[in-house]
Amino acid sequence: MNVIQKKPLTELGYNFVADSYLPEGKDEYYLRNSQLGKQQTNYRKLSALEIEILVRNDNTSDDWNNIFVANEFSPQLVKHCHFFGVVRIGKLEPYYLEFHNLRLPVGLYNSTISSCDFGDNAVIHNVNYLSHYIIGNEVIICNVNEMITTDHAKFGNGIVKEGESESLRIWLELCNENGGRSVMPFDGMLPGDAWLWTRNRNDAVLQQQFKTFTEKQFDKKRGYYGMVGDRSVIKNCKIIKDVTIGTDAYLKGANKIKNVTINSSADATSQIGEGCELVNGIVGYGCRVFYGVKAVRFVMASHSQLKYGARLINSYLGNNATISCCEVLNSLIFPAHEQHHNNSFLCAALIMGQSNMAAGATIGSNHNSRGADGEVIAGRGFWPGLCVSLKHNSRFATFTLIAKGTYMHEMDVPYPFSLVLNDDQQNTLKIMTGYWFLHNMYALARNSWKYIDRDKRTDKTQLIEYDYLAPDSVEEMIHAMALMEIATGQAWYARHEPEAGSLSAHDVQEKGKELLQHEPEEVARLQIYADNVENSSRKVQLLKVHRSYPLFKELINLYAVRNIFGYITADTSHNFTSLRGIVETAERGPWHNVGGQLMKDETLANLKQQIRSGDIGSWKQLHEHYRQIGEHYALDKLQHAIASLLYVEEKKARDFTPAFLKNCLVQSLHMQTFLTEGIYGARAKDYQNPFRQMTYENEAEMDAVIGKLDDNSFIQQTLADLAAYKQQVSDVIAHWKL
């Protein structure tokens, strides 16, 4: 049975906060007044003439003494309104406001208003019920069915108010459907916060600190009003409940927005469009939500987008990411993710950014376990192709491309920059190592370039890494090289000395290394298989190992030289002697992707220890540490790059001589040239393919439709970059007298 309470009309607009929740000596307006600030002194009571005009214009109030106005208030601009409780109205002047061809006169018209404050020259038209809101200056609100705030509004934050039970707290069940990695959403949550909280679940102290940070950040008192910032426009919406909205926001045609914070500012405006339904969430600065989107229990980081009927449930969407049409559940997605197709599905996954999901991709299935508790973890650059179906639990290295197919078994792919293929005819899983560099350099390079170009964040607290050659991918390359050595050694002994007997793992690896370094033609003739990649009895074959192994080595050299150039560019006074000082202390080790920001294992361990000890006592302080870590990232990466170079070259710090550096510079130039040629060549294939050409009458029409190859701005930029790189190599060799 619906419980409908019957109360005296005289109470409408009053008793917003029950007496039991009011501090001693405070009334129900004390929090409202603190939100309004000094502006509350700008209002006065109505004059007798103003009341007469208001009554003549078909306005009513339960008590005209509770209506307060600014000195420049024009009662002629208030018509057919019903007021309840204390209402404050800023100046109303004879103007109209225009936004996107919507022109409406300043004033309050045809609306029921309960206990609200209005800034100057607000436009309120046809709002059936507007209750307990603080409205900014030059705000337009028209054709809204219901816009109210309750006394226990939390605006999407995972807190509970005084007198509420713990069961009412909102949790985001990220990365796992069983709730075992749940976090409390909060306004300002960064991808790194979500990642730290979802990991380390066995660390009770750390987990409690994260909860404490969130609790401390928000007041548990009841009675806060919803707010609408200056110049925001809200039109043709149905239900807006317990929502706070920043400045310059634009809401049009939304069906329902409940328990949500919508961040927006003059330089990062947010928009919510037609048919959208948002419940229990946080919308970051500069976000776009359009056309029938459904989002429940969610966080959208700044400048992310949901479009065309997308469903985002129990998920965190990172900065500069776009999801259209499809369904995403229980996932933590780092910055720069693209997913545009209605028939793609993402569930219970950690996607570490720079990712793109094709149509038909089904990432994660909860039907392969006794419970819905599977997970997928994918490094940066994850790209499942058309109609790819993956099974929990699976894990993928950075920049893994997965070819079309149904993958029936769990996978752990440790080879970065690889192509994974399901060969049904031979019943074999195949992994083409180094695929991107060998066959699709254009897409790989453009991936890094476009996300730097599209990073529209106004707050760059976390330094996001977009380069495909970075500490995380390089560490995986070094690990993959060792795996290739082992697999190659095993393949050689299996073919040439099957009766060799028991061999140590070291001997097998050394044999593989020798072959890969000195006899690539012999390696090319071997059938090389990997262990522990797929949870099945079938074979996993590695392809093109003889080409990717030396390529990885040269790429690590290029990675080192690029970072040395960054070191020189940052300060032109740097010389070989100062660089040698860095070489002496250079170390490599594990790195972690913390919400798109890369951190050394040591740095991350120290960060967590500071949280446990209380040295970091709030999310704000943690965010400041992100910023400080980002300031040291260039030096940390340089040290890692040099240490990685020395490792793969099997050198010591003392071997880092001018002659060695000169040789590295020359090698890097060959590699940079190879990559640039690969970028051009990969794109040129599209122009040379006769099946691509057949839809055009001639070459001229093809150029008119898709543009000339030589006019491609990205290719032109890479050619210019190569010329600049050659000059930089020449300058360093000359100036440092190498």
# chains A, B, ... in the order shown; residues from 1 in each chain; ligands from 1
>>> select_by_dssp(residues="segment 212-245 of chain A", states="strand (DSSP E or B)", output="mmCIF file with N, CA and C atoms, in the first residue's frame")
data_model
loop_
_atom_site.group_PDB
_atom_site.id
_atom_site.type_symbol
_atom_site.label_atom_id
_atom_site.label_comp_id
_atom_site.auth_asym_id
_atom_site.auth_seq_id
_atom_site.Cartn_x
_atom_site.Cartn_y
_atom_site.Cartn_z
ATOM 1 N N GLY A 226 20.017 21.762 -2.684
ATOM 2 C CA GLY A 226 20.599 21.607 -4.005
ATOM 3 C C GLY A 226 20.965 22.973 -4.567
ATOM 4 N N MET A 227 21.948 22.996 -5.452
ATOM 5 C CA MET A 227 22.407 24.264 -6.008
ATOM 6 C C MET A 227 22.478 24.180 -7.530
ATOM 7 N N VAL A 228 22.189 25.311 -8.163
ATOM 8 C CA VAL A 228 22.337 25.448 -9.605
ATOM 9 C C VAL A 228 23.224 26.660 -9.839
ATOM 10 N N VAL A 233 21.431 26.231 -17.693
ATOM 11 C CA VAL A 233 20.153 26.182 -18.397
ATOM 12 C C VAL A 233 19.557 24.791 -18.217
ATOM 13 N N ILE A 234 18.307 24.742 -17.731
ATOM 14 C CA ILE A 234 17.600 23.474 -17.527
ATOM 15 C C ILE A 234 16.246 23.602 -18.205
ATOM 16 N N LYS A 235 15.993 22.772 -19.209
ATOM 17 C CA LYS A 235 14.726 22.894 -19.921
ATOM 18 C C LYS A 235 14.154 21.523 -20.266
ATOM 19 N N ILE A 239 12.123 14.891 -13.974
ATOM 20 C CA ILE A 239 12.393 14.792 -12.538
ATOM 21 C C ILE A 239 13.863 15.089 -12.277
ATOM 22 N N ILE A 240 14.102 16.066 -11.414
ATOM 23 C CA ILE A 240 15.451 16.373 -10.938
ATOM 24 C C ILE A 240 15.375 16.381 -9.416
ATOM 25 N N LYS A 241 16.007 15.397 -8.786
ATOM 26 C CA LYS A 241 15.859 15.238 -7.340
ATOM 27 C C LYS A 241 17.224 15.016 -6.697
ATOM 28 N N ASP A 242 17.519 15.812 -5.689
ATOM 29 C CA ASP A 242 18.787 15.706 -4.955
ATOM 30 C C ASP A 242 19.974 15.797 -5.908
ATOM 31 N N VAL A 243 19.961 16.844 -6.711
ATOM 32 C CA VAL A 243 21.012 17.068 -7.701
ATOM 33 C C VAL A 243 21.622 18.448 -7.462
ATOM 34 N N THR A 244 22.921 18.517 -7.443
ATOM 35 C CA THR A 244 23.604 19.805 -7.388
ATOM 36 C C THR A 244 24.338 20.001 -8.701
ATOM 37 N N ILE A 245 24.293 21.220 -9.219
ATOM 38 C CA ILE A 245 24.727 21.492 -10.589
ATOM 39 C C ILE A 245 25.668 22.691 -10.582
#
>>> residues_around(residues="Met671 of chain A", least_positions_apart="3", cutoff="12 Å", atoms="only C-alpha atoms", output="JSON, numbers by chain")
{"A": [437, 550, 551, 552, 553, 554, 555, 556, 557, 558, 559, 561, 562, 664, 665, 666, 667, 668, 674, 675, 676, 677, 678, 722, 725, 726]}
>>> closest_residue(among="A:Tyr633, A:Phe155, A:Phe298, A:Tyr43", to="Phe73 of chain A", atoms="only C-alpha atoms")
A:Tyr43
>>> atom_distance(atom1="atom CA of Tyr529 of chain A", atom2="atom CA of Asn427 of chain A")
13.5 Å
>>> residues_around(residues="segment 570-583 of chain A", least_positions_apart="4", cutoff="9 Å", atoms="only C-alpha atoms", output="VMD selection string")
chain A and resid 564 to 566 587 635 638 to 639 642 to 643 653 to 654 656 to 658 735 to 736
>>> residues_around(residues="Ser473 of chain A", least_positions_apart="5", cutoff="8 Å", atoms="only C-alpha atoms", output="list in words")
Ala397, Thr398, Pro416 and Tyr468 of chain A
>>> residues_around(residues="Phe84 of chain A", least_positions_apart="2", cutoff="8 Å", atoms="only C-alpha atoms", output="list of chain:residue names")
A:Leu12, A:Gly13, A:Tyr14, A:Ser61, A:Asp62, A:Asp63, A:His82, A:Val86, A:Val87, A:Ile113, A:Ser114, A:Ser115
>>> write_last_selection(atoms="N, CA and C atoms", output="compact mmCIF listing (two decimals), in the first residue's frame")
# COMPACT_ATOMS: atom_id res chain seq x y z
N LEU A 12 3.69 23.31 4.52
CA LEU A 12 4.36 23.16 3.24
C LEU A 12 5.44 24.23 3.09
N GLY A 13 6.67 23.79 2.86
CA GLY A 13 7.79 24.71 2.73
C GLY A 13 8.54 24.93 4.02
N TYR A 14 8.07 24.32 5.12
CA TYR A 14 8.73 24.48 6.42
C TYR A 14 9.12 23.11 6.98
N SER A 61 1.05 33.39 -1.63
CA SER A 61 2.07 32.98 -0.66
C SER A 61 1.38 32.65 0.64
N ASP A 62 1.88 31.66 1.34
CA ASP A 62 1.30 31.35 2.65
C ASP A 62 1.60 32.47 3.65
N ASP A 63 2.69 33.24 3.38
CA ASP A 63 3.03 34.36 4.26
C ASP A 63 3.95 35.29 3.48
N HIS A 82 3.05 30.25 -7.04
CA HIS A 82 2.61 29.93 -5.69
C HIS A 82 3.85 29.70 -4.83
N VAL A 86 10.13 30.18 3.15
CA VAL A 86 10.98 31.35 2.94
C VAL A 86 11.56 31.30 1.53
N VAL A 87 11.30 32.34 0.76
CA VAL A 87 11.79 32.44 -0.61
C VAL A 87 12.52 33.77 -0.77
N ILE A 113 6.78 27.23 -5.99
CA ILE A 113 8.13 27.38 -5.45
C ILE A 113 8.08 27.27 -3.94
N SER A 114 8.89 26.35 -3.42
CA SER A 114 8.91 26.11 -1.98
C SER A 114 10.32 26.30 -1.44
N SER A 115 10.50 27.32 -0.62
CA SER A 115 11.74 27.51 0.13
C SER A 115 12.97 27.47 -0.77
>>> residues_around(residues="Gly489 of chain A", least_positions_apart="2", cutoff="9 Å", atoms="only C-alpha atoms", output="list in words")
Met484, Glu485, Ile486, Ala487, Ala491, Trp492, Tyr493, Ala494, Asp507, Val508, Gln509, Glu510, Lys511, Gly512, Lys513, Glu514, Leu515 and Ile528 of chain A
>>> residues_around(residues="Asn157 of chain A", least_positions_apart="2", cutoff="6 Å", atoms="only C-alpha atoms", output="short mmCIF file (atom, residue, chain, number, x, y, z; two decimals) with C-alpha atoms, in the first residue's frame")
data_model
loop_
_atom_site.label_atom_id
_atom_site.label_comp_id
_atom_site.auth_asym_id
_atom_site.auth_seq_id
_atom_site.Cartn_x
_atom_site.Cartn_y
_atom_site.Cartn_z
CA LYS A 154 23.91 13.23 -0.66
CA PHE A 155 24.27 14.34 -4.28
CA ILE A 159 27.91 8.66 2.53
CA PRO A 185 31.85 7.15 -4.89
CA PHE A 186 32.66 10.76 -4.14
#
